[in-house]
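A.B. asks: This is the content of query-v4.txt (compact mmCIF, C-alpha atoms and all ligand atoms):
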```txt
# COMPACT_ATOMS: atom_id res chain seq x y z
CA MET J 23 -16.59 60.03 -178.95
CA ASN J 24 -18.47 63.22 -178.68
CA ARG J 25 -21.63 62.55 -176.67
CA LYS J 26 -22.78 66.13 -176.98
CA TYR J 27 -23.54 65.78 -180.67
CA ARG J 28 -24.03 62.10 -181.33
CA LYS J 29 -24.80 58.70 -179.90
CA THR J 30 -22.13 56.32 -178.71
CA VAL J 31 -22.91 52.83 -179.96
CA ILE J 32 -21.36 49.54 -178.90
CA ALA J 33 -22.49 46.83 -181.31
CA GLY J 34 -21.61 43.15 -181.40
CA ASN J 35 -21.40 41.13 -184.60
CA TRP J 36 -21.60 37.46 -183.76
CA LYS J 37 -20.96 36.37 -187.37
CA MET J 38 -21.63 32.62 -187.74
CA ASN J 39 -21.37 31.76 -184.06
CA LYS J 40 -23.77 30.47 -181.39
CA THR J 41 -26.96 28.43 -181.59
CA PRO J 42 -30.37 29.66 -180.34
CA SER J 43 -29.80 27.76 -177.05
CA GLU J 44 -26.38 29.34 -176.62
CA THR J 45 -27.94 32.71 -177.41
CA LYS J 46 -30.38 32.31 -174.51
CA GLU J 47 -27.53 31.36 -172.18
CA PHE J 48 -25.40 34.32 -173.31
CA MET J 49 -28.24 36.81 -172.87
CA THR J 50 -28.99 35.55 -169.35
CA GLN J 51 -25.34 36.06 -168.40
CA LEU J 52 -25.15 39.45 -170.09
CA LYS J 53 -28.27 40.69 -168.28
CA SER J 54 -26.80 39.75 -164.92
CA ILE J 55 -23.64 41.84 -165.45
CA MET J 56 -24.90 44.62 -167.69
CA PRO J 57 -23.85 48.08 -166.44
CA LYS J 58 -26.83 49.94 -165.00
CA GLY J 59 -26.23 53.47 -166.36
CA ARG J 60 -27.52 54.59 -169.72
CA TRP J 61 -24.15 55.43 -171.21
CA CYS J 62 -24.45 54.31 -174.76
CA ASP J 63 -26.64 52.41 -177.16
CA VAL J 64 -25.92 48.70 -177.14
CA ALA J 65 -26.69 46.39 -180.04
CA LEU J 66 -26.12 42.72 -180.68
CA CYS J 67 -26.33 41.52 -184.27
CA VAL J 68 -26.82 37.78 -184.31
CA PRO J 69 -27.40 34.95 -186.81
CA ALA J 70 -30.96 35.01 -188.21
CA VAL J 71 -32.08 31.86 -186.37
CA CYS J 72 -30.92 33.37 -183.06
CA ILE J 73 -32.97 36.56 -183.46
CA PRO J 74 -36.17 35.28 -181.76
CA ALA J 75 -34.27 33.98 -178.71
CA ALA J 76 -32.23 37.19 -178.47
CA VAL J 77 -35.28 39.46 -178.80
CA ARG J 78 -37.22 37.45 -176.21
CA ALA J 79 -34.35 37.52 -173.72
CA MET J 80 -33.60 41.24 -174.10
CA ARG J 81 -37.19 42.55 -174.30
CA GLU J 82 -37.07 44.57 -171.06
CA THR J 83 -33.51 45.77 -171.51
CA ARG J 84 -31.78 48.55 -173.42
CA VAL J 85 -29.95 46.11 -175.70
CA GLY J 86 -31.25 46.29 -179.26
CA ILE J 87 -31.08 43.19 -181.40
CA GLY J 88 -29.96 43.26 -185.02
CA ALA J 89 -29.40 41.06 -188.04
CA GLU J 90 -26.13 40.55 -189.91
CA ASN J 91 -27.57 40.97 -193.40
CA CYS J 92 -30.83 41.57 -195.26
CA ASN J 93 -32.21 41.42 -198.77
CA ALA J 94 -33.14 44.68 -200.48
CA ASN J 95 -36.31 43.27 -202.06
CA ALA J 96 -39.61 43.41 -200.22
CA SER J 97 -40.61 39.81 -200.95
CA GLY J 98 -40.52 37.18 -203.67
CA ALA J 99 -38.53 34.33 -205.14
CA TYR J 100 -35.23 34.78 -203.27
CA THR J 101 -34.65 31.42 -201.67
CA GLY J 102 -32.81 31.66 -198.37
CA GLU J 103 -33.00 35.45 -198.14
CA ILE J 104 -34.62 37.63 -195.46
CA ALA J 105 -36.47 40.89 -196.13
CA THR J 106 -36.21 43.97 -193.93
CA ASN J 107 -39.89 43.90 -192.91
CA MET J 108 -39.37 40.32 -191.65
CA LEU J 109 -36.52 41.54 -189.47
CA VAL J 110 -38.65 44.36 -188.09
CA ASP J 111 -41.51 41.98 -187.36
CA ALA J 112 -39.08 39.64 -185.59
CA GLY J 113 -38.07 42.50 -183.30
CA CYS J 114 -34.83 43.71 -184.90
CA LYS J 115 -33.73 47.33 -184.58
CA TYR J 116 -30.43 47.12 -186.46
CA VAL J 117 -28.96 45.42 -189.50
CA ILE J 118 -25.32 45.19 -190.51
CA ILE J 119 -24.88 45.92 -194.21
CA GLY J 120 -21.85 45.48 -196.43
CA HIS J 121 -19.54 43.71 -194.00
CA SER J 122 -16.25 42.89 -195.74
CA GLU J 123 -16.93 39.18 -195.23
CA ARG J 124 -20.12 39.56 -197.29
CA ARG J 125 -18.41 41.77 -199.85
CA ALA J 126 -15.86 38.96 -200.22
CA MET J 127 -18.80 36.68 -201.10
CA GLY J 128 -19.69 39.01 -203.97
CA GLU J 129 -21.74 41.82 -202.45
CA THR J 130 -21.19 45.02 -204.47
CA ASP J 131 -21.49 48.69 -203.52
CA ALA J 132 -24.76 48.77 -205.48
CA ASP J 133 -26.08 45.87 -203.37
CA VAL J 134 -24.99 47.64 -200.21
CA ASN J 135 -26.75 50.82 -201.31
CA ALA J 136 -30.00 48.99 -202.13
CA LYS J 137 -29.91 47.29 -198.72
CA VAL J 138 -29.25 50.57 -196.88
CA LEU J 139 -32.25 52.17 -198.61
CA ALA J 140 -34.46 49.16 -197.88
CA ALA J 141 -33.40 49.07 -194.23
CA LEU J 142 -34.16 52.78 -193.76
CA GLU J 143 -37.50 52.39 -195.50
CA ALA J 144 -38.42 49.59 -193.08
CA GLY J 145 -37.37 51.64 -190.06
CA LEU J 146 -34.22 49.65 -189.25
CA THR J 147 -30.94 51.30 -188.34
CA PRO J 148 -28.38 50.21 -190.93
CA ILE J 149 -24.81 49.71 -189.74
CA MET J 150 -23.05 50.23 -193.05
CA CYS J 151 -19.51 48.85 -193.17
CA CYS J 152 -16.54 50.05 -195.15
CA GLY J 153 -12.85 49.23 -195.03
CA GLU J 154 -9.67 48.81 -197.02
CA SER J 155 -7.46 45.77 -197.57
CA LEU J 156 -3.83 45.73 -196.46
CA GLU J 157 -2.76 46.05 -200.09
CA GLN J 158 -4.91 49.16 -200.53
CA ARG J 159 -3.53 50.69 -197.34
CA GLU J 160 0.04 49.99 -198.36
CA SER J 161 -0.48 51.50 -201.78
CA GLY J 162 -1.83 54.70 -200.17
CA ILE J 163 -5.37 54.64 -201.54
CA THR J 164 -7.27 54.15 -198.25
CA GLU J 165 -8.82 57.61 -198.21
CA GLU J 166 -10.16 57.47 -201.79
CA TRP J 167 -11.34 53.89 -201.40
CA ILE J 168 -13.32 54.60 -198.25
CA ALA J 169 -14.75 57.83 -199.72
CA MET J 170 -15.95 55.85 -202.72
CA GLN J 171 -17.57 53.15 -200.57
CA ILE J 172 -19.36 55.80 -198.51
CA LYS J 173 -20.59 57.77 -201.53
CA LEU J 174 -21.86 54.68 -203.34
CA GLY J 175 -23.35 53.13 -200.21
CA LEU J 176 -25.26 56.28 -199.28
CA ALA J 177 -26.51 57.16 -202.78
CA GLY J 178 -30.12 58.30 -202.60
CA VAL J 179 -30.23 58.50 -198.79
CA SER J 180 -32.13 61.70 -197.99
CA GLU J 181 -31.13 64.58 -195.69
CA GLU J 182 -33.84 63.42 -193.28
CA LYS J 183 -32.66 59.83 -193.12
CA ILE J 184 -28.87 60.21 -193.03
CA ARG J 185 -28.76 60.61 -189.25
CA LYS J 186 -30.33 57.17 -188.85
CA VAL J 187 -27.35 55.55 -190.58
CA ILE J 188 -24.45 54.24 -188.53
CA ILE J 189 -21.18 53.85 -190.40
CA ALA J 190 -18.62 51.26 -189.29
CA TYR J 191 -15.02 51.57 -190.40
CA GLU J 192 -13.45 48.12 -190.39
CA PRO J 193 -10.01 47.80 -191.96
CA ILE J 194 -10.01 44.28 -193.43
CA TRP J 195 -6.47 43.63 -192.20
CA ALA J 196 -7.60 44.22 -188.61
CA ILE J 197 -10.61 41.88 -188.61
CA GLY J 198 -10.12 38.73 -186.58
CA THR J 199 -6.34 39.11 -186.78
CA GLY J 200 -5.60 40.59 -183.38
CA ARG J 201 -3.90 43.39 -185.32
CA THR J 202 -5.93 46.45 -184.31
CA ALA J 203 -5.53 49.75 -186.13
CA THR J 204 -3.78 52.24 -183.87
CA PRO J 205 -6.11 54.87 -182.40
CA GLU J 206 -4.44 57.41 -184.72
CA GLN J 207 -4.95 55.27 -187.83
CA ALA J 208 -8.60 54.60 -186.94
CA GLU J 209 -9.25 58.25 -186.06
CA GLU J 210 -7.73 59.47 -189.31
CA VAL J 211 -10.12 57.36 -191.40
CA CYS J 212 -13.19 58.04 -189.22
CA GLU J 213 -12.47 61.77 -189.44
CA GLY J 214 -12.22 61.37 -193.22
CA ILE J 215 -15.58 59.57 -193.31
CA ARG J 216 -17.17 62.45 -191.41
CA ALA J 217 -15.68 64.88 -193.94
CA VAL J 218 -17.27 62.89 -196.78
CA VAL J 219 -20.66 63.00 -195.03
CA ARG J 220 -20.17 66.75 -194.51
CA LYS J 221 -19.61 67.24 -198.24
CA LEU J 222 -22.55 65.04 -199.22
CA TYR J 223 -24.97 66.46 -196.63
CA SER J 224 -24.13 69.23 -194.15
CA SER J 225 -21.92 70.03 -191.17
CA LYS J 226 -24.87 69.45 -188.86
CA ASN J 227 -25.53 65.99 -190.23
CA ALA J 228 -21.84 65.12 -190.26
CA ARG J 229 -21.62 66.15 -186.62
CA ALA J 230 -24.65 64.03 -185.71
CA ILE J 231 -23.75 60.74 -187.38
CA SER J 232 -22.18 57.91 -185.35
CA ILE J 233 -19.06 56.34 -186.83
CA LEU J 234 -17.82 53.10 -185.29
CA TYR J 235 -14.47 51.35 -185.46
CA GLY J 236 -14.26 47.58 -185.90
CA GLY J 237 -11.34 45.18 -186.16
CA SER J 238 -9.89 43.30 -183.19
CA MET J 239 -11.45 45.77 -180.77
CA ASN J 240 -11.42 44.27 -177.29
CA GLU J 241 -11.68 45.05 -173.60
CA LYS J 242 -8.03 46.14 -173.53
CA ASN J 243 -7.81 48.52 -176.48
CA ALA J 244 -11.40 49.88 -176.44
CA TYR J 245 -10.72 52.75 -174.04
CA GLU J 246 -8.01 54.30 -176.18
CA LEU J 247 -9.91 53.85 -179.44
CA LEU J 248 -13.10 55.32 -177.97
CA ALA J 249 -11.15 58.32 -176.65
CA GLN J 250 -10.69 59.53 -180.24
CA PRO J 251 -13.02 62.39 -181.16
CA ASP J 252 -14.42 60.81 -184.33
CA ILE J 253 -14.77 57.22 -183.07
CA ASP J 254 -18.28 56.98 -181.66
CA GLY J 255 -18.29 53.34 -180.73
CA GLY J 256 -17.30 49.88 -181.84
CA LEU J 257 -18.44 47.01 -184.02
CA ILE J 258 -17.08 44.04 -182.17
CA GLY J 259 -16.66 40.50 -183.43
CA GLY J 260 -14.78 38.01 -181.26
CA ALA J 261 -15.01 39.96 -178.00
CA SER J 262 -18.81 40.23 -178.33
CA LEU J 263 -19.11 36.47 -177.90
CA VAL J 264 -18.00 36.63 -174.27
CA PRO J 265 -20.39 38.55 -171.94
CA GLU J 266 -17.63 39.77 -169.58
CA LYS J 267 -15.53 41.16 -172.44
CA PHE J 268 -18.49 42.79 -174.13
CA VAL J 269 -19.52 44.48 -170.87
CA GLN J 270 -15.99 45.79 -170.33
CA ILE J 271 -16.13 47.42 -173.75
CA ILE J 272 -19.48 49.02 -172.86
CA GLU J 273 -17.82 50.30 -169.68
CA ALA J 274 -14.95 51.75 -171.72
CA ALA J 275 -17.57 53.84 -173.50
CA ASN J 276 -18.33 55.50 -170.16
CA GLN J 277 -15.30 57.72 -170.18
CA PRO J 278 -15.14 61.49 -170.09
CA THR J 279 -15.44 63.00 -173.50
CA VAL J 280 -14.94 66.39 -175.11
P1 LIG J 301 -13.20 41.05 -184.69
O1 LIG J 301 -13.58 41.96 -183.56
O2 LIG J 301 -13.35 39.61 -184.36
O3 LIG J 301 -11.88 41.42 -185.29
O4 LIG J 301 -14.29 41.32 -185.85
C1 LIG J 301 -14.56 42.60 -186.24
C2 LIG J 301 -15.72 42.58 -187.14
O5 LIG J 301 -15.63 42.14 -188.27
C3 LIG J 301 -17.00 43.10 -186.64
O6 LIG J 301 -17.93 43.26 -187.65
```
As structure tokens - that is how I would like this structure written.

C.D. replies:
Amino acid sequence: MNRKYRKTVIAGNWKMNKTPSETKEFMTQLKSIMPKGRWCDVALCVPAVCIPAAVRAMRETRVGIGAENCNANASGAYTGEIATNMLVDAGCKYVIIGHSERRAMGETDADVNAKVLAALEAGLTPIMCCGESLEQRESGITEEWIAMQIKLGLAGVSEEKIRKVIIAYEPIWAIGTGRTATPEQAEEVCEGIRAVVRKLYSSKNARAISILYGGSMNEKNAYELLAQPDIDGGLIGGASLVPEKFVQIIEAANQPTV
């Protein structure tokens, strides 16, 4: 983290978990144990049907609600899809884009790019995900792969808008496996992502953008991961489903920084 130049962000990704009723229950519990200080931005990205309950429950708090996906088109014949302006109207502030689980369902870099542009246009903060498979890591192409995902995902994003984008580095082999990247491995890639942003934009923008780590991040390993200079927060799956664990990760973001 480096709070002097950029925001620290702790974001939950519930994936396909919890009903609207369970959402209400979770939010009530979270509110009762939420740390009081304003240490970092906190986001919870929830299933679409849970958004109204989450927004209602967290209205007077500093927790921003987000979606887990969006469609890049403004409206039309896209059965089952949700447009960015609908998310804004429902009270969302964030949207996760290009999660590896969605890429595995066929989402391409071009789709990710179109969604990032649409989200920015609507005034949402996109949390754009990237990450390599175990096979890619073992064959030594992590750096190039991630650089390519970042370049393609950010194509056409202007100098003015780049600071609104949050990038999440999530090595696929670390997601839901309990096998977290070491702080050094995660830092190396996050530092590389910042270097790509520096090349595409400027040092100032690269310094200002928040880069999160995701992949089996929990209340035990968060402190060490967040101590890395280029890791500005976390995108948390499993541990964001339990209020106590999520709060402990938020607390880990309240550590001294450079
Ligand atoms: P886990 O924290 O459950 O590994 O999930 C990470 C993730 O995919 C967040 O988007």

A.B. asks: Could you tell me how far CA of Lys183 (chain J) lies from CA of Asp252 (chain J), in Å and to one decimal?

C.D. replies: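 Pair CA of Lys183 (chain J) / CA of Asp252 (chain J) returns 20.3 Å.
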
A.B. asks: In Å, how far is it from CA of Ala126 (chain J) to CA of Ile231 (chain J)?

C.D. replies: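 Spanning CA of Ala126 (chain J) to CA of Ile231 (chain J) is a straight-line distance of 26.5 Å.
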
A.B. asks: Pull the neighbourhood of (-33.8, 33.1, -182.4) for me: all residues within 10 Å in file coordinates, counting all atoms listed in the file, as a PDB file with C-alpha atoms, in the coordinates of the input.

C.D. replies:
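Dumped to point01.pdb:
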```
ATOM      1  CA  THR J  41     -26.960  28.430-181.590  1.00  0.00           C
ATOM      2  CA  PRO J  42     -30.370  29.660-180.340  1.00  0.00           C
ATOM      3  CA  SER J  43     -29.800  27.760-177.050  1.00  0.00           C
ATOM      4  CA  THR J  45     -27.940  32.710-177.410  1.00  0.00           C
ATOM      5  CA  LYS J  46     -30.380  32.310-174.510  1.00  0.00           C
ATOM      6  CA  VAL J  68     -26.820  37.780-184.310  1.00  0.00           C
ATOM      7  CA  PRO J  69     -27.400  34.950-186.810  1.00  0.00           C
ATOM      8  CA  ALA J  70     -30.960  35.010-188.210  1.00  0.00           C
ATOM      9  CA  VAL J  71     -32.080  31.860-186.370  1.00  0.00           C
ATOM     10  CA  CYS J  72     -30.920  33.370-183.060  1.00  0.00           C
ATOM     11  CA  ILE J  73     -32.970  36.560-183.460  1.00  0.00           C
ATOM     12  CA  PRO J  74     -36.170  35.280-181.760  1.00  0.00           C
ATOM     13  CA  ALA J  75     -34.270  33.980-178.710  1.00  0.00           C
ATOM     14  CA  ALA J  76     -32.230  37.190-178.470  1.00  0.00           C
ATOM     15  CA  VAL J  77     -35.280  39.460-178.800  1.00  0.00           C
ATOM     16  CA  ARG J  78     -37.220  37.450-176.210  1.00  0.00           C
ATOM     17  CA  ALA J  79     -34.350  37.520-173.720  1.00  0.00           C
ATOM     18  CA  ALA J 112     -39.080  39.640-185.590  1.00  0.00           C
TER      19      ALA J 112
END
```

A.B. asks: Using only C-alpha atoms and all ligand atoms, tabulate the residues of chain J lying at most 10 Å from any atom of ligand LIG 301 (chain J), each with its closest atom pair and that distance in Å to one decimal, by chain and increasing residue number, as a tab-separated table.

C.D. replies:
```
residue	atom	partner	partner_atom	distance
J:Ala33	CA	J:LIG301	C3	8.5
J:Gly34	CA	J:LIG301	C3	7.0
J:Asn35	CA	J:LIG301	O6	5.1
J:Trp36	CA	J:LIG301	C3	7.8
J:Lys37	CA	J:LIG301	O6	7.5
J:Cys67	CA	J:LIG301	O6	9.2
J:Glu90	CA	J:LIG301	O6	8.9
J:Ile118	CA	J:LIG301	O6	8.2
J:Ile119	CA	J:LIG301	O6	9.9
J:Gly120	CA	J:LIG301	O6	9.9
J:His121	CA	J:LIG301	O6	6.6
J:Ser122	CA	J:LIG301	O5	7.5
J:Glu123	CA	J:LIG301	O5	7.7
J:Ile149	CA	J:LIG301	O6	9.7
J:Cys151	CA	J:LIG301	O6	8.0
J:Ala190	CA	J:LIG301	O6	8.2
J:Tyr191	CA	J:LIG301	O6	9.2
J:Glu192	CA	J:LIG301	O5	6.7
J:Pro193	CA	J:LIG301	O5	8.8
J:Ile194	CA	J:LIG301	O5	7.9
J:Trp195	CA	J:LIG301	O3	9.0
J:Ala196	CA	J:LIG301	O3	6.1
J:Ile197	CA	J:LIG301	O3	3.6
J:Gly198	CA	J:LIG301	O3	3.5
J:Thr199	CA	J:LIG301	O3	6.2
J:Gly200	CA	J:LIG301	O3	6.6
J:Arg201	CA	J:LIG301	O3	8.2
J:Thr202	CA	J:LIG301	O3	7.9
J:Tyr235	CA	J:LIG301	C3	8.7
J:Gly236	CA	J:LIG301	C1	5.0
J:Gly237	CA	J:LIG301	O3	3.9
J:Ser238	CA	J:LIG301	O3	3.5
J:Met239	CA	J:LIG301	O1	5.2
J:Asn240	CA	J:LIG301	O1	7.0
J:Gly256	CA	J:LIG301	C3	8.3
J:Leu257	CA	J:LIG301	C3	4.9
J:Ile258	CA	J:LIG301	O1	4.3
J:Gly259	CA	J:LIG301	O1	3.4
J:Gly260	CA	J:LIG301	O2	3.8
J:Ala261	CA	J:LIG301	O1	6.1
J:Ser262	CA	J:LIG301	O1	7.6
J:Leu263	CA	J:LIG301	O2	9.2
```

A.B. asks: Would you list the contacts of Arg229 (chain J) as a CSV table (one decimal) with C-alpha atoms, in the coordinates of the input, taking every protein, DNA or RNA residue within 10 Å and counting all atoms listed in the file, but skipping same-chain residues closer than 6 positions in sequence?

C.D. replies:
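Saved the output as out_32.csv:
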```
chain,number,residue,atom,x,y,z
J,24,ASN,CA,-18.5,63.2,-178.7
J,26,LYS,CA,-22.8,66.1,-177.0
J,27,TYR,CA,-23.5,65.8,-180.7
J,28,ARG,CA,-24.0,62.1,-181.3
J,185,ARG,CA,-28.8,60.6,-189.2
J,216,ARG,CA,-17.2,62.4,-191.4
J,217,ALA,CA,-15.7,64.9,-193.9
J,219,VAL,CA,-20.7,63.0,-195.0
J,220,ARG,CA,-20.2,66.8,-194.5
J,252,ASP,CA,-14.4,60.8,-184.3
```

A.B. asks: So which residues touch Val218 (chain J) within 10 Å, counting all atoms listed in the file, skipping near sequence neighbours fewer than 6 positions away, as a list in words?

C.D. replies: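 Here the answer would be Ile168, Ala169, Met170, Ile172, Lys173, Cys212, Ser224 and Ala228 of chain J.
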
A.B. asks: Could you check the closest approach to Thr50 (chain J) for each of J:Met80, J:Ala244, J:Leu174, J:Val187 and tell me which residue wins, using all atoms listed in the file?

C.D. replies: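 Going through J:Met80, J:Ala244, J:Leu174, J:Val187 one by one, the smallest distance to Thr50 (chain J) is for J:Met80.
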
A.B. asks: Within 9 Å of region 128-141 of chain J, which residues of region 176-271 of chain J show up? Give each one with its shortest atom-to-atom distance in Å (one decimal) and the two atoms involved, counting all atoms listed in the file, rows by chain then rising residue number, as CSV.

C.D. replies:
```
residue,atom,partner,partner_atom,distance
J:Leu176,CA,J:Asn135,CA,6.0
J:Ala177,CA,J:Asn135,CA,6.5
J:Gly178,CA,J:Leu139,CA,7.6
J:Val179,CA,J:Leu139,CA,6.6
J:Val187,CA,J:Val138,CA,8.3
```

A.B. asks: I'd like to know which of J:Gln171, J:Ser232, J:Thr30, J:Thr204 is closest to Ala275 (chain J), using only C-alpha atoms.

C.D. replies: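 Of J:Gln171, J:Ser232, J:Thr30, J:Thr204, the one nearest Ala275 (chain J) is J:Thr30, counting only C-alpha atoms.
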
A.B. asks: Could you check the closest approach to Val211 (chain J) for each of J:Leu234, J:Ile272, J:Met23, J:Met49 and tell me which residue wins, using only C-alpha atoms?

C.D. replies: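 Smallest distance to Val211 (chain J) is found for J:Leu234.
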
A.B. asks: Any idea what the distance is between CA of Glu209 (chain J) and CA of Arg124 (chain J)?

C.D. replies: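 These two atoms are separated by 24.4 Å.
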